[in-house]
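Participant: Sending over input25.txt (compact mmCIF, C-alpha atoms).
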```txt
# COMPACT_ATOMS: atom_id res chain seq x y z
CA MET A 22 31.46 -25.57 109.12
CA ASN A 23 35.14 -24.63 108.92
CA LYS A 24 36.82 -22.12 111.22
CA ALA A 25 36.33 -19.15 108.89
CA GLU A 26 32.64 -19.96 108.47
CA LEU A 27 32.22 -20.39 112.21
CA LEU A 28 33.83 -17.05 113.00
CA HIS A 29 31.62 -15.41 110.39
CA PHE A 30 28.59 -16.99 112.07
CA TYR A 31 29.58 -15.26 115.32
CA THR A 32 29.74 -11.88 113.57
CA THR A 33 26.09 -12.20 112.50
CA PHE A 34 23.34 -10.68 114.63
CA THR A 35 20.92 -13.10 116.25
CA PRO A 36 17.29 -12.03 116.84
CA ASN A 37 18.18 -11.10 120.43
CA THR A 38 21.35 -9.13 119.57
CA ASP A 39 20.26 -7.25 116.43
CA PRO A 40 20.03 -3.52 117.28
CA GLY A 41 17.64 -2.90 114.40
CA GLU A 42 16.63 0.74 114.11
CA TYR A 43 18.94 1.60 117.03
CA GLY A 44 22.08 0.57 115.17
CA TYR A 45 22.98 4.25 114.86
CA LEU A 46 23.84 4.21 118.57
CA PHE A 47 26.90 2.09 117.74
CA HIS A 48 28.42 4.43 115.14
CA GLU A 49 30.95 6.12 117.43
CA LEU A 50 31.78 3.55 120.09
CA PRO A 51 35.15 3.32 121.87
CA GLN A 52 37.55 0.89 120.24
CA GLY A 53 39.02 -1.05 123.16
CA LEU A 54 37.29 -3.70 125.25
CA PRO A 55 38.01 -1.94 128.57
CA GLU A 56 36.37 1.24 127.28
CA LEU A 57 33.40 -0.65 125.89
CA CYS A 58 32.86 -2.41 129.20
CA ARG A 59 33.07 0.92 131.02
CA LEU A 60 30.48 2.35 128.63
CA ILE A 61 28.18 -0.61 129.25
CA LYS A 62 28.41 -0.07 133.01
CA CYS A 63 27.37 3.55 132.43
CA GLN A 64 24.15 2.22 130.86
CA LEU A 65 23.34 -0.74 133.13
CA ILE A 66 23.30 -1.50 136.85
CA HIS A 67 23.25 -5.09 138.03
CA PRO A 68 20.31 -5.67 140.42
CA THR A 69 22.70 -6.83 143.18
CA MET A 70 24.10 -3.29 143.21
CA ILE A 71 20.76 -1.52 143.64
CA LYS A 72 21.11 -1.14 147.42
CA LYS A 73 24.37 0.76 146.97
CA VAL A 74 22.86 3.29 144.56
CA ARG A 75 19.23 3.39 145.65
CA HIS A 76 19.65 6.98 146.90
CA LEU A 77 20.56 7.97 143.31
CA LEU A 78 17.55 6.29 141.71
CA THR A 79 14.11 7.78 141.12
CA ASP A 80 11.44 5.99 139.06
CA TYR A 81 13.21 2.66 138.72
CA THR A 82 14.35 0.97 141.91
CA ARG A 83 13.86 -2.77 141.29
CA ASN A 84 15.19 -5.53 139.06
CA GLU A 85 13.96 -4.82 135.53
CA ASP A 86 15.01 -8.10 133.87
CA GLU A 87 11.47 -9.10 132.98
CA LYS A 88 10.89 -5.84 131.08
CA PHE A 89 13.39 -6.79 128.41
CA TYR A 90 14.39 -9.71 126.23
CA LYS A 91 16.04 -8.39 123.05
CA ILE A 92 18.70 -5.73 122.65
CA THR A 93 16.22 -3.52 120.74
CA GLU A 94 14.05 -3.33 123.85
CA MET A 95 17.03 -2.35 125.98
CA LEU A 96 18.21 0.30 123.54
CA ALA A 97 14.71 1.76 123.21
CA ALA A 98 14.48 2.15 126.99
CA LEU A 99 17.95 3.72 127.19
CA VAL A 100 17.02 6.31 124.55
CA GLU A 101 13.72 6.98 126.28
CA ARG A 102 15.52 7.67 129.56
CA ASN A 103 18.28 9.74 127.96
CA ALA A 104 18.05 10.79 124.31
CA ASP A 105 21.85 11.15 124.11
CA GLY A 106 22.01 7.38 123.76
CA LEU A 107 25.06 5.41 124.88
CA THR A 108 26.79 8.09 126.89
CA PHE A 109 29.35 8.00 129.68
CA GLU A 110 27.35 10.86 131.24
CA ARG A 111 24.19 8.83 131.86
CA LEU A 112 22.87 9.30 135.40
CA PRO A 113 22.23 6.22 137.57
CA SER A 114 18.51 7.06 137.52
CA GLU A 115 18.58 6.76 133.71
CA ARG A 116 20.22 3.32 133.59
CA LEU A 117 18.59 -0.10 133.25
CA LEU A 118 18.59 -2.31 136.35
CA ILE A 119 19.33 -5.62 134.64
CA SER A 120 21.60 -8.58 135.18
CA CYS A 121 24.60 -10.22 133.52
CA ARG A 122 22.75 -11.89 130.64
CA PHE A 123 21.78 -8.43 129.39
CA HIS A 124 25.29 -7.03 129.87
CA SER A 125 26.57 -9.80 127.59
CA LEU A 126 23.89 -9.04 124.97
CA LEU A 127 24.94 -5.41 124.81
CA LEU A 128 28.63 -6.22 124.31
CA ILE A 129 27.76 -8.82 121.67
CA SER A 130 25.60 -6.34 119.79
CA MET A 131 28.30 -3.66 119.93
CA LEU A 132 31.08 -5.95 118.67
CA ARG A 133 29.01 -7.61 115.96
CA SER A 134 28.13 -4.16 114.64
CA ARG A 135 31.86 -3.97 113.78
CA GLY A 136 31.91 -7.44 112.27
CA LEU A 137 33.83 -8.96 115.18
CA PRO A 138 33.20 -12.56 116.32
CA VAL A 139 31.71 -12.78 119.81
CA ARG A 140 29.33 -15.11 121.64
CA SER A 141 27.62 -15.42 124.99
CA ARG A 142 28.74 -18.17 127.38
CA VAL A 143 27.00 -19.40 130.51
CA GLY A 144 28.65 -20.80 133.61
CA PHE A 145 29.73 -19.91 137.12
CA ALA A 146 32.12 -17.29 138.51
CA SER A 147 34.11 -17.87 141.69
CA TYR A 148 35.12 -14.20 141.76
CA LEU A 149 31.52 -13.29 142.60
CA SER A 150 31.54 -15.26 145.87
CA GLU A 151 33.10 -14.41 149.20
CA ASN A 152 36.68 -15.73 149.26
CA GLY A 153 36.04 -17.46 145.93
CA ARG A 154 34.68 -20.53 147.70
CA LYS A 155 31.49 -20.86 145.69
CA TYR A 156 30.63 -20.57 142.00
CA ILE A 157 27.90 -18.07 141.24
CA ASP A 158 25.62 -18.29 138.21
CA HIS A 159 26.98 -15.87 135.60
CA TRP A 160 26.92 -15.01 131.90
CA ILE A 161 29.95 -13.57 130.11
CA CYS A 162 31.20 -13.21 126.54
CA GLU A 163 33.88 -14.91 124.50
CA VAL A 164 35.52 -12.48 122.07
CA TRP A 165 37.73 -13.69 119.23
CA GLU A 166 41.25 -12.26 119.48
CA GLU A 167 42.47 -12.36 115.90
CA ALA A 168 46.09 -11.50 116.68
CA GLU A 169 46.42 -14.48 119.03
CA LYS A 170 43.94 -16.73 117.21
CA ARG A 171 41.98 -17.53 120.37
CA TRP A 172 38.82 -16.68 122.28
CA ILE A 173 39.22 -14.47 125.32
CA ARG A 174 36.69 -14.39 128.14
CA VAL A 175 35.27 -10.95 128.84
CA ASP A 176 32.90 -10.02 131.65
CA PRO A 177 31.27 -6.68 130.76
CA ASP A 178 29.34 -6.67 134.05
CA TRP A 179 32.51 -6.67 136.18
CA GLU A 180 34.72 -5.12 133.48
CA LEU A 181 37.10 -8.07 133.39
CA ILE A 182 39.13 -8.80 130.25
CA ASP A 183 40.74 -12.16 129.45
CA ILE A 184 39.57 -14.10 132.51
CA GLN A 185 41.95 -16.97 133.23
CA GLY A 186 41.85 -20.38 134.90
CA ASP A 187 38.91 -21.56 136.97
CA GLU A 188 37.77 -18.08 138.00
CA PHE A 189 34.99 -18.76 135.53
CA LEU A 190 33.85 -22.35 134.96
CA MET A 191 31.81 -23.05 131.87
CA ALA A 192 28.62 -24.91 132.67
CA GLY A 193 29.84 -27.99 130.79
CA ASP A 194 33.02 -28.16 132.83
CA ALA A 195 31.04 -27.78 136.05
CA TRP A 196 28.67 -30.56 134.95
CA LEU A 197 31.47 -33.02 134.17
CA MET A 198 33.36 -32.23 137.38
CA ALA A 199 30.23 -32.73 139.45
CA ARG A 200 29.28 -35.92 137.61
CA ASP A 201 32.78 -37.30 138.24
CA LYS A 202 32.50 -36.25 141.91
CA GLU A 203 35.53 -33.97 141.56
CA ILE A 204 33.57 -31.09 143.06
CA ASN A 205 30.49 -30.63 145.21
CA PRO A 206 27.54 -29.51 143.04
CA GLN A 207 26.12 -27.62 146.03
CA LEU A 208 28.85 -25.03 145.43
CA PHE A 209 27.10 -23.94 142.21
CA GLY A 210 24.10 -21.64 142.00
CA VAL A 211 22.90 -18.34 143.40
CA LYS A 212 20.89 -17.03 146.36
CA LYS A 213 18.82 -19.95 147.72
CA SER A 214 19.16 -22.23 144.69
CA TRP A 215 22.20 -24.51 144.50
CA GLY A 216 23.08 -27.89 143.12
CA MET A 217 23.08 -30.19 140.14
CA HIS A 218 19.81 -28.91 138.68
CA TYR A 219 21.31 -25.43 138.46
CA ILE A 220 24.38 -26.76 136.64
CA ARG A 221 22.12 -28.71 134.25
CA ASN A 222 20.06 -25.61 133.47
CA ASN A 223 23.13 -23.51 132.76
CA LEU A 224 24.49 -26.30 130.57
CA CYS A 225 21.35 -26.09 128.43
CA TYR A 226 21.53 -22.28 128.38
CA ASP A 227 25.17 -22.44 127.28
CA LEU A 228 24.32 -24.90 124.49
CA ASN A 229 21.61 -22.55 123.24
CA ALA A 230 23.93 -19.52 123.48
CA VAL A 231 26.70 -21.21 121.48
CA LEU A 232 24.16 -22.07 118.80
CA GLY A 233 22.93 -18.46 118.62
CA ASN A 234 19.87 -18.52 120.86
CA GLU A 235 20.46 -16.47 123.99
CA LEU A 236 17.74 -17.59 126.38
CA CYS A 237 16.66 -15.80 129.56
CA TYR A 238 16.98 -17.17 133.08
CA TRP A 239 13.32 -18.15 133.21
CA ASP A 240 13.35 -19.92 129.82
CA TYR A 241 13.34 -23.57 130.87
CA PRO A 242 13.63 -26.09 128.01
CA PRO A 243 11.51 -29.18 128.76
CA LEU A 244 14.56 -31.13 129.94
CA CYS A 245 15.17 -28.45 132.58
CA GLN A 246 11.63 -28.68 133.86
CA LYS A 247 12.31 -32.15 135.28
CA GLU A 248 13.64 -32.86 138.74
CA MET A 249 17.14 -34.30 138.63
CA ASP A 250 15.99 -37.68 139.94
CA GLU A 251 13.46 -37.84 137.09
CA LEU A 252 16.16 -37.84 134.41
CA ASP A 253 16.73 -41.25 132.86
CA TRP A 254 20.08 -42.78 131.92
CA GLU A 255 19.84 -41.67 128.27
CA GLU A 256 19.10 -38.06 129.24
CA LEU A 257 22.08 -38.00 131.62
CA GLN A 258 24.31 -39.46 128.93
CA LEU A 259 23.10 -36.82 126.48
CA LEU A 260 23.98 -34.06 128.94
CA ASP A 261 27.41 -35.64 129.43
CA GLU A 262 27.92 -35.65 125.67
CA ILE A 263 26.85 -32.02 125.32
CA ALA A 264 29.19 -31.02 128.15
CA LEU A 265 32.10 -32.80 126.47
CA TYR A 266 31.41 -31.14 123.12
CA LEU A 267 31.12 -27.71 124.75
CA GLN A 268 34.71 -27.99 125.95
CA ASP A 269 35.60 -27.13 122.35
CA PRO A 270 32.47 -25.76 120.67
CA ASP A 271 34.41 -24.67 117.58
CA GLU A 272 35.63 -28.17 116.83
CA ASN A 273 32.33 -29.76 117.83
CA TYR A 274 29.82 -27.25 116.49
CA ALA A 275 28.30 -29.69 113.99
CA GLN A 276 27.82 -32.33 116.70
CA LEU A 277 26.22 -29.82 119.05
CA GLN A 278 23.87 -28.62 116.31
CA ALA A 279 22.95 -32.20 115.44
CA LEU A 280 22.13 -33.09 119.05
CA PHE A 281 20.10 -29.92 119.43
CA SER A 282 18.14 -30.63 116.26
CA GLU A 283 17.50 -34.24 117.27
CA HIS A 284 16.27 -33.58 120.81
CA LYS A 285 13.41 -31.09 120.94
CA PHE A 286 13.40 -31.14 124.75
CA LEU A 287 16.57 -29.00 124.58
CA HIS A 288 14.60 -26.21 122.87
CA PHE A 289 12.65 -23.35 124.38
CA LYS A 290 10.16 -21.38 122.34
CA ARG A 291 8.63 -18.15 123.58
```
Produce structure tokens that represent the structure in this file.

Facilitator:
Amino acid sequence: MNKAELLHFYTTFTPNTDPGEYGYLFHELPQGLPELCRLIKCQLIHPTMIKKVRHLLTDYTRNEDEKFYKITEMLAALVERNADGLTFERLPSERLLISCRFHSLLLISMLRSRGLPVRSRVGFASYLSENGRKYIDHWICEVWEEAEKRWIRVDPDWELIDIQGDEFLMAGDAWLMARDKEINPQLFGVKKSWGMHYIRNNLCYDLNAVLGNELCYWDYPPLCQKEMDELDWEELQLLDEIALYLQDPDENYAQLQALFSEHKFLHFKR
């Protein structure tokens, strides 16, 4: 797949990002990424923010991640709660209480409706931790910037555009750094779950996302259902290889697809 074909692939809706009958909601969206991210935050509230807005909520006061999987399900609920659709005027009580994976799906769906290349990426954000000392599990988007011929990292949850440096570490980079003992794997995770298993899981999620299959947090491919000390040498080497290829998924897309096709334990089927 050459570069043009690859970029076209990332303009095509996946089953999880296709708005279906709700595509009409995208007809009059703002043009710029900052405005789109602001619009997304007027539709969604991350569950970690619930305590701050609980006094403004009514029927929905808990994490709703498990209610949704595809963008069509999210859009249907948004319309049900406010028939005006994607509006900046949506009340907090009318928003969905869902996490970063779903924020990324909404931005992907919006941009692909315009024929723009965009993909979900999975890794860890230091800007989500106190003093930036830890790396918190996080999902963002990569958006193709045609004028500069490069991907820019966009976090619609935190409304960050063109994230630079190691503020966000891709799961593959985190895996290789931890494997080479350049960084402590216990710095990676969220809440009470930290360590190499978390990095491994996000590595598999990122592989799936790059290939067009945006999994959910609870979708564990068979390889991720093993304890780390149960992985054999060949499985560890495979994860190393995937992590290396994910450093440049455009150049290595064919290799990533081949490894994914060959090893069924990297797949998750609902």

Participant: Kindly give the distance, in Å, that separates CA of Val164 in chain A and CA of Val139 in chain A, rounded to a single decimal.

Facilitator: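 Going from CA of Val164 in chain A over to CA of Val139 in chain A, I get 4.4 Å.
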
Participant: Mind pulling up the distance from CA of Asp201 in chain A to CA of Gln276 in chain A?

Facilitator: 22.7 Å

Participant: Which residues are close to Thr79 in chain A, i.e. within 10 Å by only C-alpha atoms, leaving aside same-chain residues fewer than 4 positions away? Reply as a PyMOL selection string.

Facilitator: chain A and resi 75+113-115

Participant: So how many Å separate CA of Gln278 in chain A and CA of Leu232 in chain A, to one decimal?

Facilitator: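 Result for CA of Gln278 in chain A versus CA of Leu232 in chain A: 7.0 Å, one decimal.
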
Participant: Choose the residue, out of A:Met198, A:Leu46, A:Tyr148, A:Lys72, that has the smallest atom-to-atom separation from Leu127 in chain A; count all atoms listed in the file.

Facilitator: A:Leu46

Participant: Env of Phe286 in chain A: 10 Å cut, atoms = only C-alpha atoms, seq-sep filter 5 positions within chain, self excluded. Answer as an MDAnalysis selection string.

Facilitator: chainID A and resid 241:246 281

Participant: Could you check which of A:Leu118, A:Leu265, A:Leu50, A:Leu197 is closest to Glu85 in chain A, using all atoms listed in the file?

Facilitator: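 Counting all atoms listed in the file, the residue closest to Glu85 in chain A is A:Leu118.
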
Participant: Calculated over all atoms listed in the file, which of the candidates A:Arg111, A:His124, A:Lys88, A:Arg102 has the smallest distance to Asp178 in chain A?

Facilitator: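 Of the candidates, the smallest distance to Asp178 in chain A is held by A:His124.
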
Participant: Which polymer residues, protein or nucleic acid, are no farther than 7 Å from (32.6, -11.7, 128.8), counting only C-alpha atoms, as number ranges by chain?

Facilitator: A: 125, 161-163, 174-177

Participant: Kindly indicate which residue among A:Glu180, A:Asp269, A:Glu56, A:Asp158 lies nearest to Trp215 in chain A, using only C-alpha atoms for the distances.

Facilitator: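 Nearest candidate to Trp215 in chain A out of A:Glu180, A:Asp269, A:Glu56, A:Asp158: A:Asp158.
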
Participant: Name the residues in contact with Arg133 in chain A at a cut-off of 8 Å, using all atoms listed in the file, excluding same-chain residues fewer than 2 positions from it; report them as a list of chain:residue names.

Facilitator: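 So the residues in contact are A:Tyr31, A:Thr32, A:Thr33, A:Phe34, A:Ile129, A:Ser130, A:Met131, A:Arg135, A:Gly136, A:Leu137, A:Pro138, A:Val139.
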
Participant: Could you check the closest approach to Thr35 in chain A for each of A:Asp105, A:Asn234, A:Glu251, A:Tyr274 and tell me which residue wins, using all atoms listed in the file?

Facilitator: A:Asn234

Participant: From the options A:Leu112, A:Gly193, A:Leu28, A:Glu255, which residue's atoms come nearest to Leu77 in chain A, counting only C-alpha atoms?

Facilitator: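 Of A:Leu112, A:Gly193, A:Leu28, A:Glu255, the one nearest Leu77 in chain A is A:Leu112, counting only C-alpha atoms.
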
Participant: Counting only C-alpha atoms, note down every residue that has an atom within 12 Å of the point (29.7, -32.1, 144.2) (file coordinates), as a ChimeraX atom specification.

Facilitator: /A:155-156,195-209,215-218,220
